[in-house]
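Okay, entry-v2.cif now, which holds mmCIF, C-alpha atoms and all ligand atoms:
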```cif
data_upload
loop_
_atom_site.label_atom_id
_atom_site.label_comp_id
_atom_site.auth_asym_id
_atom_site.auth_seq_id
_atom_site.Cartn_x
_atom_site.Cartn_y
_atom_site.Cartn_z
CA MET A 4 94.98 198.86 33.63
CA LYS A 5 92.85 201.59 35.17
CA VAL A 6 93.43 202.68 38.77
CA THR A 7 91.16 205.03 40.71
CA ILE A 8 92.29 206.78 43.85
CA VAL A 9 89.59 208.45 45.94
CA GLY A 10 90.93 211.26 48.12
CA ALA A 11 93.40 213.47 46.31
CA GLY A 12 94.96 214.62 49.58
CA ALA A 13 98.42 213.82 50.89
CA VAL A 14 98.30 210.00 50.71
CA GLY A 15 96.14 209.77 47.57
CA ALA A 16 98.34 212.13 45.57
CA SER A 17 101.53 210.46 46.80
CA CYS A 18 100.12 207.08 45.78
CA ALA A 19 99.16 208.46 42.34
CA GLU A 20 102.70 209.80 41.91
CA TYR A 21 104.35 206.46 42.78
CA VAL A 22 101.93 204.50 40.58
CA ALA A 23 102.70 206.85 37.67
CA ILE A 24 106.46 206.79 38.17
CA LYS A 25 106.43 202.97 38.24
CA ASN A 26 104.74 203.22 34.81
CA PHE A 27 102.60 200.05 34.92
CA ALA A 28 99.10 201.60 34.73
CA SER A 29 97.62 203.12 31.59
CA GLU A 30 95.33 205.42 33.56
CA VAL A 31 94.98 206.87 37.04
CA VAL A 32 91.79 208.74 38.01
CA LEU A 33 91.92 210.89 41.13
CA VAL A 34 88.59 211.73 42.79
CA ASP A 35 87.97 214.23 45.57
CA ILE A 36 84.94 215.95 47.01
CA LYS A 37 86.70 219.35 47.14
CA GLU A 38 85.82 221.29 43.96
CA GLY A 39 88.70 221.28 41.45
CA TYR A 40 91.17 219.71 43.87
CA ALA A 41 91.59 216.34 42.13
CA GLU A 42 91.74 218.05 38.74
CA GLY A 43 94.50 220.35 40.04
CA LYS A 44 96.54 217.50 41.55
CA ALA A 45 96.14 215.48 38.34
CA MET A 46 97.32 218.39 36.17
CA ASP A 47 100.30 219.07 38.44
CA LEU A 48 101.27 215.39 38.36
CA MET A 49 100.83 215.21 34.56
CA GLN A 50 103.29 218.07 34.26
CA THR A 51 105.91 215.77 35.85
CA ALA A 52 105.40 213.11 33.13
CA SER A 53 108.04 214.44 30.74
CA LEU A 54 110.38 215.09 33.68
CA ASN A 55 109.96 211.68 35.29
CA GLY A 56 109.49 209.71 32.07
CA PHE A 57 106.11 208.04 32.56
CA ASP A 58 103.21 207.49 30.16
CA THR A 59 100.39 206.95 32.68
CA LYS A 60 97.51 209.31 31.99
CA ILE A 61 96.34 211.00 35.21
CA THR A 62 92.98 212.76 35.33
CA GLY A 63 90.99 214.32 38.15
CA SER A 64 87.29 214.49 38.95
CA THR A 65 85.21 216.32 41.53
CA ASN A 66 83.01 213.51 42.84
CA ASP A 67 81.94 212.32 39.34
CA TYR A 68 82.23 208.55 39.61
CA SER A 69 81.27 207.98 35.98
CA LYS A 70 84.92 208.92 35.27
CA THR A 71 86.03 205.92 37.35
CA ALA A 72 84.00 203.39 35.32
CA GLY A 73 85.83 200.16 34.49
CA SER A 74 88.54 200.57 37.15
CA ASP A 75 90.53 197.41 37.87
CA VAL A 76 91.83 198.63 41.22
CA ALA A 77 90.55 201.46 43.42
CA VAL A 78 92.21 202.92 46.49
CA ILE A 79 90.18 204.63 49.23
CA THR A 80 92.13 207.37 51.01
CA SER A 81 89.19 209.74 51.50
CA GLY A 82 88.49 211.01 54.98
CA ILE A 83 90.30 212.88 57.69
CA PRO A 84 93.79 212.19 59.05
CA ARG A 85 94.64 212.41 62.75
CA LYS A 86 96.31 215.34 64.48
CA PRO A 87 99.07 215.07 67.11
CA GLY A 88 97.79 213.43 70.31
CA MET A 89 94.92 211.59 68.59
CA THR A 90 94.60 207.86 67.95
CA ARG A 91 93.54 206.47 64.57
CA GLU A 92 90.45 205.02 66.26
CA GLU A 93 89.17 208.52 67.02
CA LEU A 94 88.64 209.07 63.28
CA ILE A 95 85.89 206.45 63.04
CA GLY A 96 82.97 208.87 63.53
CA ILE A 97 83.76 210.89 60.40
CA ASN A 98 85.54 208.33 58.24
CA ALA A 99 83.05 205.44 58.47
CA GLY A 100 80.32 207.34 56.60
CA ILE A 101 82.78 208.57 53.96
CA VAL A 102 84.33 205.15 53.34
CA LYS A 103 80.94 203.40 53.10
CA GLU A 104 79.61 205.91 50.57
CA VAL A 105 82.81 205.97 48.50
CA ALA A 106 82.98 202.16 48.30
CA SER A 107 79.37 201.99 47.14
CA ASN A 108 79.96 204.67 44.45
CA LEU A 109 83.06 202.88 43.18
CA ILE A 110 81.35 199.50 42.90
CA LYS A 111 78.37 201.02 41.08
CA HIS A 112 80.66 202.02 38.20
CA SER A 113 83.25 199.21 38.46
CA PRO A 114 81.52 196.02 39.64
CA ASP A 115 84.69 193.92 39.21
CA VAL A 116 87.02 196.32 41.02
CA THR A 117 89.51 195.31 43.73
CA LEU A 118 89.37 197.82 46.60
CA ILE A 119 92.33 198.81 48.74
CA VAL A 120 91.22 200.55 51.93
CA VAL A 121 93.63 203.06 53.47
CA SER A 122 91.45 205.47 55.48
CA ASN A 123 91.73 205.05 59.25
CA PRO A 124 91.00 203.28 61.47
CA MET A 125 92.00 201.05 58.56
CA ASP A 126 91.22 197.52 59.87
CA THR A 127 87.75 198.64 60.93
CA MET A 128 87.17 200.55 57.67
CA THR A 129 88.14 197.39 55.73
CA TYR A 130 85.69 195.35 57.82
CA LEU A 131 83.02 197.99 57.16
CA VAL A 132 83.54 197.63 53.39
CA HIS A 133 83.23 193.83 53.70
CA LYS A 134 80.00 194.22 55.68
CA THR A 135 78.35 196.83 53.46
CA THR A 136 79.22 195.68 49.92
CA LYS A 137 78.64 192.46 48.07
CA LEU A 138 82.20 192.20 46.71
CA PRO A 139 83.85 188.81 47.19
CA LYS A 140 86.27 188.74 50.11
CA ASN A 141 89.39 188.50 47.93
CA LYS A 142 88.50 191.88 46.40
CA ILE A 143 88.70 193.93 49.60
CA ILE A 144 92.16 194.53 51.05
CA GLY A 145 93.30 196.85 53.82
CA MET A 146 96.72 198.51 53.59
CA GLY A 147 98.66 198.92 56.82
CA GLY A 148 101.12 196.06 57.26
CA ALA A 149 103.15 196.93 54.16
CA LEU A 150 103.77 200.39 55.61
CA ASP A 151 104.38 199.13 59.15
CA SER A 152 106.86 196.57 57.80
CA ALA A 153 108.73 199.29 55.87
CA ARG A 154 108.98 201.29 59.10
CA PHE A 155 110.14 198.15 60.95
CA LYS A 156 112.91 197.65 58.36
CA TYR A 157 113.89 201.30 58.70
CA ARG A 158 114.16 200.99 62.49
CA LEU A 159 116.06 197.69 62.18
CA SER A 160 118.49 199.25 59.72
CA GLU A 161 119.07 202.10 62.16
CA ALA A 162 119.86 199.63 64.94
CA LEU A 163 122.05 197.49 62.66
CA GLU A 164 123.73 200.54 61.09
CA CYS A 165 123.07 199.13 57.62
CA PRO A 166 120.93 200.14 54.62
CA PRO A 167 117.20 199.23 54.85
CA SER A 168 117.62 197.15 51.67
CA ASP A 169 119.82 194.75 53.67
CA VAL A 170 116.93 193.98 56.00
CA ASP A 171 113.81 191.83 55.76
CA GLY A 172 111.00 191.76 58.28
CA MET A 173 107.27 191.83 58.71
CA VAL A 174 104.65 193.41 60.97
CA ILE A 175 101.30 191.68 61.40
CA GLY A 176 98.30 192.49 63.61
CA GLY A 177 96.17 195.61 63.82
CA HIS A 178 97.30 198.90 62.28
CA SER A 179 97.23 200.80 65.58
CA ASP A 180 99.68 202.31 68.06
CA THR A 181 99.31 199.33 70.40
CA GLY A 182 98.13 196.51 68.11
CA MET A 183 101.05 196.00 65.73
CA VAL A 184 103.04 192.77 66.10
CA PRO A 185 106.56 193.24 64.67
CA LEU A 186 107.99 189.75 64.12
CA THR A 187 111.53 190.35 65.41
CA ARG A 188 112.18 186.59 65.73
CA LEU A 189 111.82 186.18 61.95
CA ALA A 190 113.55 189.38 60.80
CA THR A 191 116.84 188.94 58.97
CA ARG A 192 119.82 190.85 57.61
CA ASN A 193 120.71 189.06 54.36
CA SER A 194 119.40 185.73 55.72
CA VAL A 195 121.08 186.08 59.12
CA PRO A 196 118.52 186.44 61.96
CA VAL A 197 118.72 189.96 63.41
CA THR A 198 118.75 188.31 66.83
CA ALA A 199 122.38 187.38 66.04
CA PHE A 200 123.29 191.09 65.92
CA LEU A 201 120.96 192.85 68.35
CA SER A 202 120.19 192.38 72.05
CA GLU A 203 116.66 191.59 73.20
CA GLU A 204 116.52 195.03 74.76
CA ARG A 205 117.49 196.75 71.48
CA LEU A 206 114.97 194.66 69.55
CA ASN A 207 112.24 195.62 72.01
CA GLN A 208 113.11 199.26 71.37
CA VAL A 209 112.89 198.66 67.59
CA SER A 210 109.43 197.09 68.09
CA GLU A 211 108.16 199.95 70.23
CA ASP A 212 109.48 202.58 67.77
CA THR A 213 107.82 200.69 64.91
CA LYS A 214 104.44 200.50 66.66
CA VAL A 215 104.30 204.26 67.20
CA GLY A 216 105.76 205.01 63.74
CA GLY A 217 102.62 206.81 62.56
CA ALA A 218 102.19 208.76 65.82
CA THR A 219 105.86 209.87 65.78
CA LEU A 220 105.45 211.31 62.28
CA THR A 221 102.10 212.90 63.13
CA LYS A 222 103.77 214.74 66.01
CA LEU A 223 106.57 215.98 63.73
CA LEU A 224 104.36 216.90 60.77
CA GLY A 225 101.18 218.15 62.49
CA THR A 226 99.23 215.64 60.34
CA SER A 227 99.92 212.03 59.42
CA ALA A 228 102.56 210.84 56.95
CA TRP A 229 102.13 210.38 53.19
CA TYR A 230 105.34 209.39 51.35
CA ALA A 231 105.77 205.92 52.83
CA PRO A 232 101.98 205.34 52.95
CA GLY A 233 101.70 206.32 49.26
CA ALA A 234 104.65 204.10 48.30
CA ALA A 235 103.24 201.17 50.29
CA VAL A 236 99.83 201.43 48.60
CA SER A 237 101.47 201.68 45.16
CA GLY A 238 103.26 198.39 45.91
CA LEU A 239 99.92 196.66 46.56
CA VAL A 240 98.36 198.19 43.44
CA GLN A 241 101.31 197.03 41.32
CA ALA A 242 101.21 193.49 42.75
CA ILE A 243 97.55 193.21 41.70
CA ALA A 244 97.88 195.04 38.38
CA CYS A 245 100.93 193.03 37.30
CA ASP A 246 99.76 189.73 38.86
CA GLN A 247 103.02 189.56 40.81
CA LYS A 248 101.93 187.04 43.48
CA LYS A 249 103.88 189.09 46.02
CA LEU A 250 103.53 188.56 49.75
CA PHE A 251 102.53 191.56 51.85
CA PRO A 252 100.98 191.72 55.30
CA CYS A 253 97.45 193.02 54.52
CA SER A 254 94.27 193.51 56.47
CA ALA A 255 92.14 190.54 55.43
CA LEU A 256 88.79 189.17 56.52
CA LEU A 257 89.61 186.17 58.69
CA GLU A 258 87.44 183.08 58.89
CA GLY A 259 89.37 180.87 61.30
CA GLU A 260 92.91 181.71 60.14
CA TYR A 261 95.20 182.36 63.12
CA GLY A 262 92.29 181.16 65.28
CA LEU A 263 90.43 184.41 64.55
CA ASN A 264 87.01 185.08 63.07
CA ASP A 265 84.82 187.91 61.82
CA LEU A 266 87.35 190.75 61.71
CA CYS A 267 89.92 192.27 59.37
CA ILE A 268 93.47 192.36 60.68
CA GLY A 269 97.00 192.28 59.25
CA VAL A 270 98.19 188.84 58.14
CA PRO A 271 100.63 187.74 55.42
CA ALA A 272 98.84 187.42 52.08
CA ILE A 273 99.63 186.79 48.42
CA LEU A 274 98.45 189.51 46.04
CA GLY A 275 97.86 188.94 42.33
CA LYS A 276 95.32 189.61 39.60
CA ASN A 277 92.52 188.16 41.74
CA GLY A 278 93.28 190.55 44.57
CA LEU A 279 94.03 188.87 47.87
CA GLU A 280 94.63 185.37 46.50
CA LYS A 281 95.74 183.54 49.64
CA ILE A 282 96.20 184.13 53.34
CA VAL A 283 99.50 182.61 54.44
CA GLU A 284 99.43 181.02 57.89
CA ILE A 285 102.88 181.13 59.42
CA GLU A 286 103.69 179.38 62.66
CA LEU A 287 103.73 181.85 65.53
CA ASN A 288 105.17 181.10 68.95
CA ASP A 289 103.03 181.51 72.07
CA ALA A 290 104.18 185.07 72.78
CA GLU A 291 103.47 186.17 69.18
CA MET A 292 100.08 184.44 69.16
CA ASN A 293 99.15 186.11 72.46
CA LYS A 294 100.03 189.51 71.00
CA MET A 295 97.98 188.73 67.88
CA THR A 296 94.97 187.70 70.00
CA GLU A 297 95.25 190.86 72.09
CA SER A 298 95.54 192.95 68.92
CA ALA A 299 92.41 191.28 67.52
CA GLU A 300 90.52 192.15 70.71
CA GLY A 301 91.44 195.82 70.17
CA VAL A 302 90.27 195.76 66.54
CA LYS A 303 86.99 194.06 67.54
CA LYS A 304 86.38 196.72 70.17
CA THR A 305 86.68 199.41 67.48
CA ASN A 306 84.49 197.37 65.10
CA GLY A 307 81.86 197.41 67.85
CA LEU A 308 81.52 201.16 67.35
CA LEU A 309 80.31 200.67 63.76
CA GLU A 310 76.64 201.00 62.99
CA VAL A 311 76.26 198.06 60.56
N1 LIG B 1 96.34 202.75 56.34
C1 LIG B 1 97.45 203.46 56.44
O1 LIG B 1 98.54 202.91 56.55
C2 LIG B 1 97.38 204.96 56.41
C3 LIG B 1 96.17 205.58 56.48
N2 LIG B 1 96.08 206.95 56.43
C4 LIG B 1 94.74 207.52 56.45
O2 LIG B 1 94.41 207.95 55.13
C5 LIG B 1 93.43 208.97 55.19
C6 LIG B 1 93.87 210.14 54.30
O3 LIG B 1 94.99 210.78 54.84
P1 LIG B 1 95.61 212.08 54.12
O4 LIG B 1 95.71 211.84 52.66
O5 LIG B 1 96.80 212.47 54.88
O6 LIG B 1 94.43 213.15 54.39
P2 LIG B 1 94.12 214.47 53.52
O7 LIG B 1 93.24 215.32 54.36
O8 LIG B 1 95.38 215.05 52.99
O9 LIG B 1 93.30 213.90 52.27
C7 LIG B 1 92.03 213.33 52.40
C8 LIG B 1 91.21 213.79 51.21
O10 LIG B 1 89.95 213.12 51.23
C9 LIG B 1 89.00 214.02 50.68
N3 LIG B 1 87.65 213.60 50.99
C10 LIG B 1 86.98 213.73 52.15
N4 LIG B 1 85.73 213.23 52.02
C11 LIG B 1 85.63 212.75 50.76
C12 LIG B 1 84.61 212.10 50.03
N5 LIG B 1 83.41 211.83 50.59
N6 LIG B 1 84.85 211.76 48.76
C13 LIG B 1 86.03 212.03 48.18
N7 LIG B 1 87.06 212.65 48.81
C14 LIG B 1 86.84 212.99 50.10
C15 LIG B 1 89.38 215.37 51.25
O11 LIG B 1 88.82 216.45 50.51
C16 LIG B 1 90.91 215.30 51.20
O12 LIG B 1 91.41 215.90 50.02
C17 LIG B 1 93.29 209.32 56.68
O13 LIG B 1 92.16 208.70 57.22
C18 LIG B 1 94.57 208.77 57.29
O14 LIG B 1 94.44 208.48 58.64
C19 LIG B 1 97.19 207.72 56.28
C20 LIG B 1 98.43 207.14 56.21
C21 LIG B 1 98.64 205.72 56.28
O1 LIG B 2 99.44 207.50 61.78
C1 LIG B 2 98.40 207.77 61.13
O2 LIG B 2 97.39 208.26 61.62
C2 LIG B 2 98.40 207.46 59.67
C3 LIG B 2 98.82 206.07 59.50
O3 LIG B 2 98.02 205.16 59.61
C4 LIG B 2 100.26 205.83 59.44
O4 LIG B 2 101.02 206.70 59.02
O5 LIG B 2 100.62 204.71 59.81
#
```
Would you mind writing the file's structure down as structure tokens?
Ligand SMILES: NC(=O)C1=CN([C@@H]2O[C@H](COP(=O)(O)OP(=O)(O)OC[C@H]3O[C@@H](n4cnc5c(N)ncnc54)[C@H](O)[C@@H]3O)[C@@H](O)[C@H]2O)C=CC1
Ligand SMILES: O=C([O-])CC(=O)C(=O)O
Amino acid sequence: MKVTIVGAGAVGASCAEYVAIKNFASEVVLVDIKEGYAEGKAMDLMQTASLNGFDTKITGSTNDYSKTAGSDVAVITSGIPRKPGMTREELIGINAGIVKEVASNLIKHSPDVTLIVVSNPMDTMTYLVHKTTKLPKNKIIGMGGALDSARFKYRLSEALECPPSDVDGMVIGGHSDTGMVPLTRLATRNSVPVTAFLSEERLNQVSEDTKVGGATLTKLLGTSAWYAPGAAVSGLVQAIACDQKKLFPCSALLEGEYGLNDLCIGVPAILGKNGLEKIVEIELNDAEMNKMTESAEGVKKTNGLLEV
């Protein structure tokens, strides 16, 4: 199993580290445009192999895609992150060109690859990859919902004063400060609906904190987060590499599901060796469906800025 990660920055390197530590891939190739940067990150990570007990071989390359040939899964984290006060959507001008070129380079050397798009604005970048490559739709997946759901569980655990591992919950919709739809009605603590423990007001607070999860960290860090994003991507990579048939909310190209068409947005999906194997349509109530429709309008507005 060969995994390529383009962008050896904060998220790309964190993802490489989690993939290696989980020890399911034979090879990880890091690619970056900055001279020597991917090679340096790869060497540093390889020097943790004997400490962390993994056998994955990590190599780096400065923009030489021949090194990525035959990749099963490739992750696109190349581009710029936001700074405090910015929205993800403001990154479109720089990141669209980068993502389009990187996807094309990857496919040239790995025609059967499954692509996981991370660069922001992620739903629009995923749509861009669908529009500009000839990969089948199951082979292009956007990562956002897995991270947003992890943040939702963290915020729920705070409110419930319990460990995050006690909590289950999911965020669908667009990966943006206003577009996320945390499904509080369906969240549980060991099978008990969280609505049995928390007031509507407290749950609304959990939802709002979840939606601005990325912005809150960007304000604290001066750039956007990387540990939870890297871990979330590694979960998607593992589900595909190990054919786990796991369910994650992912940004998928919709063709009528949830009453939506011609956009990529976060919906529950099963991931396995064929990439995004199935979109799962869960029953939403009217309020949730309205939020999803509103979120889709926001994503479509950003898609409208693309030159495709
Ligand atoms: N979808 C999600 O849930 C998340 C998305 N992000 C996004 O991921 C992206 C990366 O974030 P960070 O790793 O924090 O940024 P970073 O600045 O640390 O790393 C980005 C790397 O991409 C490289 N790069 C730029 N153009 C390139 C090209 N044409 N080819 C190869 N490499 C290129 C840069 O040299 C840099 O090393 C950002 O757009 C950020 O907004 C970040 C966190 C979560
Ligand atoms: O907030 C950002 O810009 C990066 C990101 O997508 C996240 O951490 O959710």
**Report entry** Residue with smallest distance to A:Leu256 - pool A:Ile175, A:Ala77, A:Ala228, A:Ile144, counting all atoms listed in the file
**Finding:**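 Of A:Ile175, A:Ala77, A:Ala228, A:Ile144, the one nearest A:Leu256 is A:Ile144, counting all atoms listed in the file.
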Query raised in the report: Leaving out A:Gly172 and any residue of its chain fewer than 2 positions from it, which residues lie within 10 Å of it when counting all atoms listed in the file, given as number ranges by chain?
Result: A: 151-157, 159, 170, 174, 185-192, 196-197
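Among all protein and nucleic acid residues, the ones that lie within 6 Å of ligand LIG 1 (chain B) when counting all atoms listed in the file are Val9, Gly10, Ala11, Gly12, Ala13, Val14, Gly15, Val34, Asp35, Ile36, Lys37, Thr80, Ser81, Gly82, Ile83, Pro84, Arg85, Ile101, Val121, Ser122, Asn123, Met125, Met146, Gly147, Leu150, Ser227, Ala228, Trp229 and Pro232 of chain A.
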Take the residues that were just selected and, keeping C-alpha atoms, output them as a compact mmCIF listing (two decimals), in the coordinates of the input.
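Ended up saving to result.txt:
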```txt
# COMPACT_ATOMS: atom_id res chain seq x y z
CA VAL A 9 89.59 208.45 45.94
CA GLY A 10 90.93 211.26 48.12
CA ALA A 11 93.40 213.47 46.31
CA GLY A 12 94.96 214.62 49.58
CA ALA A 13 98.42 213.82 50.89
CA VAL A 14 98.30 210.00 50.71
CA GLY A 15 96.14 209.77 47.57
CA VAL A 34 88.59 211.73 42.79
CA ASP A 35 87.97 214.23 45.57
CA ILE A 36 84.94 215.95 47.01
CA LYS A 37 86.70 219.35 47.14
CA THR A 80 92.13 207.37 51.01
CA SER A 81 89.19 209.74 51.50
CA GLY A 82 88.49 211.01 54.98
CA ILE A 83 90.30 212.88 57.69
CA PRO A 84 93.79 212.19 59.05
CA ARG A 85 94.64 212.41 62.75
CA ILE A 101 82.78 208.57 53.96
CA VAL A 121 93.63 203.06 53.47
CA SER A 122 91.45 205.47 55.48
CA ASN A 123 91.73 205.05 59.25
CA MET A 125 92.00 201.05 58.56
CA MET A 146 96.72 198.51 53.59
CA GLY A 147 98.66 198.92 56.82
CA LEU A 150 103.77 200.39 55.61
CA SER A 227 99.92 212.03 59.42
CA ALA A 228 102.56 210.84 56.95
CA TRP A 229 102.13 210.38 53.19
CA PRO A 232 101.98 205.34 52.95
```
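Residue nearest A:Cys267, chosen from A:Leu109, A:Cys165, A:Val132, A:Leu220 and counting all atoms listed in the file: A:Val132.
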Query raised in the report: Counting all atoms listed in the file, what is within 8 Å of A:Ile273, bar same-chain residues fewer than 5 positions away, as JSON, numbers by chain?
Result: {"A": [248, 249, 250, 251, 279, 280, 281, 282, 283]}
